[in-house]
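*Asks:* This is entry-v6.cif, which holds mmCIF, C-alpha atoms:
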data_data
loop_
_atom_site.group_PDB
_atom_site.id
_atom_site.type_symbol
_atom_site.label_atom_id
_atom_site.label_comp_id
_atom_site.auth_asym_id
_atom_site.auth_seq_id
_atom_site.Cartn_x
_atom_site.Cartn_y
_atom_site.Cartn_z
ATOM 1 C CA MET A 113 55.450 -13.502 58.827
ATOM 2 C CA ALA A 114 58.995 -14.686 59.478
ATOM 3 C CA GLY A 115 60.014 -16.281 62.765
ATOM 4 C CA TYR A 116 63.163 -14.166 62.949
ATOM 5 C CA ARG A 117 64.500 -10.758 61.929
ATOM 6 C CA LYS A 118 66.358 -10.612 58.624
ATOM 7 C CA LEU A 119 68.450 -7.571 59.674
ATOM 8 C CA GLY A 120 68.812 -6.452 56.049
ATOM 9 C CA ARG A 121 71.376 -9.148 55.269
ATOM 10 C CA THR A 122 71.672 -12.362 53.317
ATOM 11 C CA ALA A 123 71.474 -15.634 55.233
ATOM 12 C CA ASP A 124 75.231 -16.247 55.444
ATOM 13 C CA GLN A 125 75.964 -12.655 56.487
ATOM 14 C CA ARG A 126 73.193 -12.773 59.100
ATOM 15 C CA LYS A 127 74.491 -16.055 60.522
ATOM 16 C CA ALA A 128 78.050 -14.706 60.708
ATOM 17 C CA LEU A 129 76.859 -11.495 62.398
ATOM 18 C CA ILE A 130 74.878 -13.379 65.042
ATOM 19 C CA ARG A 131 77.740 -15.853 65.682
ATOM 20 C CA ASN A 132 80.188 -12.972 66.046
ATOM 21 C CA GLN A 133 77.991 -11.018 68.447
ATOM 22 C CA VAL A 134 77.109 -14.078 70.565
ATOM 23 C CA THR A 135 80.824 -14.912 70.878
ATOM 24 C CA ALA A 136 81.641 -11.319 71.864
ATOM 25 C CA LEU A 137 78.792 -11.254 74.407
ATOM 26 C CA LEU A 138 79.843 -14.482 76.121
ATOM 27 C CA TYR A 139 83.553 -13.589 76.062
ATOM 28 C CA ASN A 140 83.254 -9.958 77.246
ATOM 29 C CA GLY A 141 80.009 -10.047 79.254
ATOM 30 C CA LYS A 142 78.305 -7.209 77.367
ATOM 31 C CA ILE A 143 78.089 -5.612 73.924
ATOM 32 C CA VAL A 144 76.607 -2.417 72.437
ATOM 33 C CA THR A 145 74.450 -2.997 69.373
ATOM 34 C CA THR A 146 71.097 -2.055 67.830
ATOM 35 C CA GLU A 147 67.841 -3.193 69.381
ATOM 36 C CA ALA A 148 66.851 -5.563 66.553
ATOM 37 C CA LYS A 149 70.269 -7.280 66.541
ATOM 38 C CA ALA A 150 70.236 -7.553 70.336
ATOM 39 C CA LYS A 151 66.875 -9.332 70.333
ATOM 40 C CA GLU A 152 68.169 -11.918 67.834
ATOM 41 C CA VAL A 153 71.481 -12.398 69.661
ATOM 42 C CA ARG A 154 69.634 -12.783 72.959
ATOM 43 C CA LYS A 155 67.707 -15.831 71.660
ATOM 44 C CA VAL A 156 70.883 -17.660 70.661
ATOM 45 C CA ALA A 157 72.888 -16.672 73.748
ATOM 46 C CA ASP A 158 70.125 -17.713 76.168
ATOM 47 C CA GLY A 159 69.891 -21.097 74.438
ATOM 48 C CA LEU A 160 73.645 -21.688 74.757
ATOM 49 C CA ILE A 161 73.681 -20.678 78.416
ATOM 50 C CA ALA A 162 70.715 -22.962 79.147
ATOM 51 C CA LEU A 163 72.591 -25.823 77.466
ATOM 52 C CA ALA A 164 75.707 -25.093 79.539
ATOM 53 C CA VAL A 165 73.704 -24.956 82.791
ATOM 54 C CA LYS A 166 72.081 -28.309 81.991
ATOM 55 C CA GLU A 167 75.389 -30.073 81.205
ATOM 56 C CA LYS A 168 77.810 -28.308 83.568
ATOM 57 C CA ASP A 169 78.226 -31.237 85.990
ATOM 58 C CA ASN A 170 78.301 -34.089 83.450
ATOM 59 C CA PHE A 171 81.976 -34.970 83.691
ATOM 60 C CA GLU A 172 84.283 -37.075 85.807
ATOM 61 C CA THR A 173 87.802 -36.267 86.940
ATOM 62 C CA VAL A 174 90.399 -38.857 85.962
ATOM 63 C CA THR A 175 94.067 -39.075 86.915
ATOM 64 C CA VAL A 176 96.330 -40.080 84.025
ATOM 65 C CA THR A 177 100.070 -40.623 83.750
ATOM 66 C CA ALA A 178 101.838 -38.951 80.844
ATOM 67 C CA ARG A 179 105.419 -38.991 79.583
ATOM 68 C CA VAL A 180 106.696 -35.430 79.329
ATOM 69 C CA ALA A 181 110.110 -34.324 78.040
ATOM 70 C CA ARG A 182 112.306 -32.814 80.758
ATOM 71 C CA LYS A 183 113.257 -29.193 80.014
ATOM 72 C CA ASP A 184 116.095 -26.946 81.176
ATOM 73 C CA LYS A 185 115.834 -23.341 82.394
ATOM 74 C CA ASP A 186 115.637 -22.029 78.789
ATOM 75 C CA GLY A 187 112.722 -24.329 77.924
ATOM 76 C CA LYS A 188 114.767 -26.643 75.709
ATOM 77 C CA ARG A 189 114.623 -30.422 75.967
ATOM 78 C CA VAL A 190 117.312 -32.098 78.087
ATOM 79 C CA LYS A 191 119.301 -34.688 76.142
ATOM 80 C CA GLU A 192 121.699 -37.300 77.447
ATOM 81 C CA THR A 193 124.102 -39.535 75.583
ATOM 82 C CA VAL A 194 123.253 -43.248 75.598
ATOM 83 C CA ASP A 195 125.405 -45.636 73.525
ATOM 84 C CA GLY A 196 126.850 -42.734 71.532
ATOM 85 C CA LYS A 197 123.406 -41.330 70.619
ATOM 86 C CA LYS A 198 121.675 -38.282 72.091
ATOM 87 C CA LYS A 199 118.265 -39.142 73.490
ATOM 88 C CA THR A 200 115.652 -36.941 75.124
ATOM 89 C CA VAL A 201 115.031 -37.541 78.829
ATOM 90 C CA TYR A 202 111.366 -38.132 79.740
ATOM 91 C CA ASP A 203 109.626 -37.918 83.121
ATOM 92 C CA ASN A 204 106.344 -39.544 84.122
ATOM 93 C CA VAL A 205 103.865 -36.918 85.291
ATOM 94 C CA GLU A 206 100.446 -37.484 86.844
ATOM 95 C CA LYS A 207 97.721 -35.132 85.607
ATOM 96 C CA THR A 208 94.111 -34.710 86.626
ATOM 97 C CA ILE A 209 91.821 -34.140 83.659
ATOM 98 C CA LYS A 210 88.082 -33.714 83.106
ATOM 99 C CA LYS A 211 86.519 -36.493 81.068
ATOM 100 C CA ASP A 212 83.245 -35.287 79.546
ATOM 101 C CA SER A 213 80.206 -37.528 79.409
ATOM 102 C CA PRO A 214 78.760 -38.151 75.928
ATOM 103 C CA SER A 215 75.911 -35.683 76.479
ATOM 104 C CA ARG A 216 78.370 -32.947 77.487
ATOM 105 C CA VAL A 217 80.524 -33.640 74.410
ATOM 106 C CA HIS A 218 77.384 -33.272 72.278
ATOM 107 C CA ALA A 219 76.514 -30.007 74.036
ATOM 108 C CA ARG A 220 80.066 -28.718 73.467
ATOM 109 C CA ARG A 221 79.820 -29.525 69.748
ATOM 110 C CA GLN A 222 76.453 -27.779 69.523
ATOM 111 C CA MET A 223 78.062 -24.689 71.085
ATOM 112 C CA MET A 224 81.042 -24.821 68.750
ATOM 113 C CA LYS A 225 78.634 -24.723 65.781
ATOM 114 C CA VAL A 226 77.660 -21.220 66.918
ATOM 115 C CA LEU A 227 80.752 -19.818 68.656
ATOM 116 C CA TYR A 228 83.917 -18.569 66.997
ATOM 117 C CA GLY A 229 87.385 -19.181 68.427
ATOM 118 C CA VAL A 230 88.872 -16.267 70.366
ATOM 119 C CA THR A 231 92.581 -15.447 70.287
ATOM 120 C CA GLU A 232 93.774 -13.599 73.372
ATOM 121 C CA VAL A 233 96.705 -11.223 72.877
ATOM 122 C CA PRO A 234 98.621 -9.938 75.928
ATOM 123 C CA SER A 235 98.821 -6.122 76.058
ATOM 124 C CA GLU A 236 102.640 -6.034 75.958
ATOM 125 C CA ALA A 237 102.653 -8.131 72.754
ATOM 126 C CA ALA A 238 99.961 -6.173 70.906
ATOM 127 C CA GLY A 239 100.286 -6.552 67.139
ATOM 128 C CA ARG A 240 102.505 -9.633 67.336
ATOM 129 C CA LYS A 241 101.686 -13.304 67.015
ATOM 130 C CA ARG A 242 103.993 -14.284 69.855
ATOM 131 C CA ASN A 243 102.472 -15.356 73.200
ATOM 132 C CA THR A 244 98.917 -15.364 71.827
ATOM 133 C CA LYS A 245 96.651 -18.116 73.037
ATOM 134 C CA LYS A 246 93.376 -19.587 71.869
ATOM 135 C CA VAL A 247 90.560 -19.308 74.382
ATOM 136 C CA SER A 248 87.635 -21.718 74.243
ATOM 137 C CA VAL A 249 84.405 -19.821 74.853
ATOM 138 C CA ALA A 250 82.647 -23.185 75.369
ATOM 139 C CA ASP A 251 84.969 -23.891 78.332
ATOM 140 C CA LYS A 252 84.204 -20.428 79.691
ATOM 141 C CA LEU A 253 80.485 -21.197 79.370
ATOM 142 C CA PHE A 254 80.804 -24.465 81.315
ATOM 143 C CA ASP A 255 83.289 -23.261 83.963
ATOM 144 C CA ASP A 256 82.466 -19.591 84.607
ATOM 145 C CA ILE A 257 79.036 -18.634 83.261
ATOM 146 C CA ALA A 258 76.926 -21.770 83.952
ATOM 147 C CA PRO A 259 77.616 -21.931 87.747
ATOM 148 C CA LYS A 260 76.347 -18.324 88.102
ATOM 149 C CA TYR A 261 72.962 -19.231 86.577
ATOM 150 C CA GLU A 262 72.479 -22.641 88.194
ATOM 151 C CA GLY A 263 69.215 -21.908 90.001
ATOM 152 C CA ARG A 264 67.797 -19.528 87.397
ATOM 153 C CA ASN A 265 65.087 -20.535 84.916
ATOM 154 C CA GLY A 266 65.983 -18.490 81.843
ATOM 155 C CA GLY A 267 66.421 -14.749 81.474
ATOM 156 C CA TYR A 268 70.206 -14.817 81.403
ATOM 157 C CA THR A 269 70.604 -11.585 79.427
ATOM 158 C CA ARG A 270 69.381 -8.016 79.864
ATOM 159 C CA ILE A 271 68.739 -5.324 77.242
ATOM 160 C CA VAL A 272 69.170 -1.702 78.371
ATOM 161 C CA LYS A 273 68.329 1.097 75.926
ATOM 162 C CA ILE A 274 70.965 3.841 75.693
ATOM 163 C CA GLY A 275 69.413 6.091 73.040
ATOM 164 C CA PRO A 276 69.491 6.681 69.295
ATOM 165 C CA ARG A 277 72.693 6.360 67.286
ATOM 166 C CA LYS A 278 74.026 9.616 65.846
ATOM 167 C CA GLY A 279 74.358 8.527 62.201
ATOM 168 C CA ASP A 280 71.022 6.879 61.440
ATOM 169 C CA ALA A 281 69.006 7.288 64.652
ATOM 170 C CA ALA A 282 68.780 3.515 65.184
ATOM 171 C CA MET A 283 68.023 2.667 68.818
ATOM 172 C CA GLU A 284 71.220 1.463 70.483
ATOM 173 C CA VAL A 285 71.150 -0.903 73.443
ATOM 174 C CA VAL A 286 73.551 -2.620 75.806
ATOM 175 C CA LEU A 287 73.107 -6.386 75.801
ATOM 176 C CA GLU A 288 74.672 -7.862 78.928
ATOM 177 C CA LEU A 289 74.720 -11.010 80.997
ATOM 178 C CA VAL A 290 72.611 -10.632 84.148
#
Could you show the structure in this file as structure tokens?
*Replies:*
Amino acid sequence: MAGYRKLGRTADQRKALIRNQVTALLYNGKIVTTEAKAKEVRKVADGLIALAVKEKDNFETVTVTARVARKDKDGKRVKETVDGKKKTVYDNVEKTIKKDSPSRVHARRQMMKVLYGVTEVPSEAAGRKRNTKKVSVADKLFDDIAPKYEGRNGGYTRIVKIGPRKGDAAMEVVLELV
């Protein structure tokens, strides 16, 4: 007997399906899928959330100074003439950044093995590549999802049956974060 459901797919298709559904679940908060798929996705998602809860506080905040090009109102770099040559003007800016501990970096890499990158498109720019931004689901796990489940020992997802699907009568469920 196998330790997992094969879902009628080859290994690479099954892995891609699970990665895709786990990413969608963690990004959106809930997904609608079949019962068998939901039970497989739940295992992976609960493991990632447990990893995020364990490592959520393993970082230190560090203040760094960076040289940043000065920009005008149009967003273009400001240039000034020095000795007959145009040179960009730079300002020193202090930034506060999170510096991950080695165990948190390892946890982040373990998550990135499973999660896909998500590109967010603003509604007014639908269908265009302009103003899109990459969203890190691993950052969302550490910053938003893990603090909610801090005192909880597992059971981060819930499966609610919603009835059979019209085409093939497969049991459909809603898989959501608790």
*Asks:* Going by the chain IDs and residue numbers used in this file, which residues fall under the PyMOL selection byres ((chain A and resi 148-150) around 12)? Write them as number ranges by chain.
*Replies:* A: 116-121, 126-127, 129-134, 137, 142-147, 151-158, 269-273, 282-288
*Asks:* Residues at most 10 Å from range 188-204 of chain A, counting all atoms listed in the file, excluding those fewer than 6 positions away in the same chain, as an mmCIF file with C-alpha atoms, in the frame of the given file?
*Replies:*
data_model
loop_
_atom_site.group_PDB
_atom_site.id
_atom_site.type_symbol
_atom_site.label_atom_id
_atom_site.label_comp_id
_atom_site.auth_asym_id
_atom_site.auth_seq_id
_atom_site.Cartn_x
_atom_site.Cartn_y
_atom_site.Cartn_z
ATOM 1 C CA THR A 177 100.070 -40.623 83.750
ATOM 2 C CA ALA A 178 101.838 -38.951 80.844
ATOM 3 C CA ARG A 179 105.419 -38.991 79.583
ATOM 4 C CA VAL A 180 106.696 -35.430 79.329
ATOM 5 C CA ALA A 181 110.110 -34.324 78.040
ATOM 6 C CA ARG A 182 112.306 -32.814 80.758
#
*Asks:* Would you work out the distance separating CA of Leu163 in chain A from CA of Val176 in chain A, expressed in Å to one decimal?
*Replies:*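 Separating CA of Leu163 in chain A from CA of Val176 in chain A is a distance of 28.5 Å.
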*Asks:* Can you list, as a PyMOL selection string, the residues that the PyMOL selection byres ((chain A and resi 254) around 9) selects here?
*Replies:* chain A and resi 161+164-165+167-169+220+249-253+255-259
*Asks:* Out of A:Arg277, A:Tyr139, A:Ala128, A:Lys185, which residue has the shortest atom-to-atom distance to Thr231 in chain A when counting all atoms listed in the file?
*Replies:*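 Checking each of A:Arg277, A:Tyr139, A:Ala128, A:Lys185 against Thr231 in chain A, counting all atoms listed in the file, the winner is A:Tyr139.
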*Asks:* Evaluate the PyMOL selection byres ((chain A and resi 228) around 7) and record the selected residues as a list in words, following the chain and residue labels used in the document.
*Replies:* Arg131, Asn132, Thr135, Val226, Leu227, Gly229 and Val230 of chain A
*Asks:* Can you work out the spacing between CA of Gly115 in chain A and CA of Ala162 in chain A in Å, to one decimal?
*Replies:*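 Value for the CA of Gly115 in chain A-CA of Ala162 in chain A distance: 20.7 Å.
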*Asks:* Quick check, in Å to one decimal: how far apart do CA of Val205 in chain A and CA of Thr175 in chain A lie?
*Replies:* 10.2 Å
*Asks:* Using only C-alpha atoms, can you tell me which of A:Gly263, A:Gly187, A:Pro276, A:Pro214 comes closest to Asn170 in chain A?
*Replies:* A:Pro214
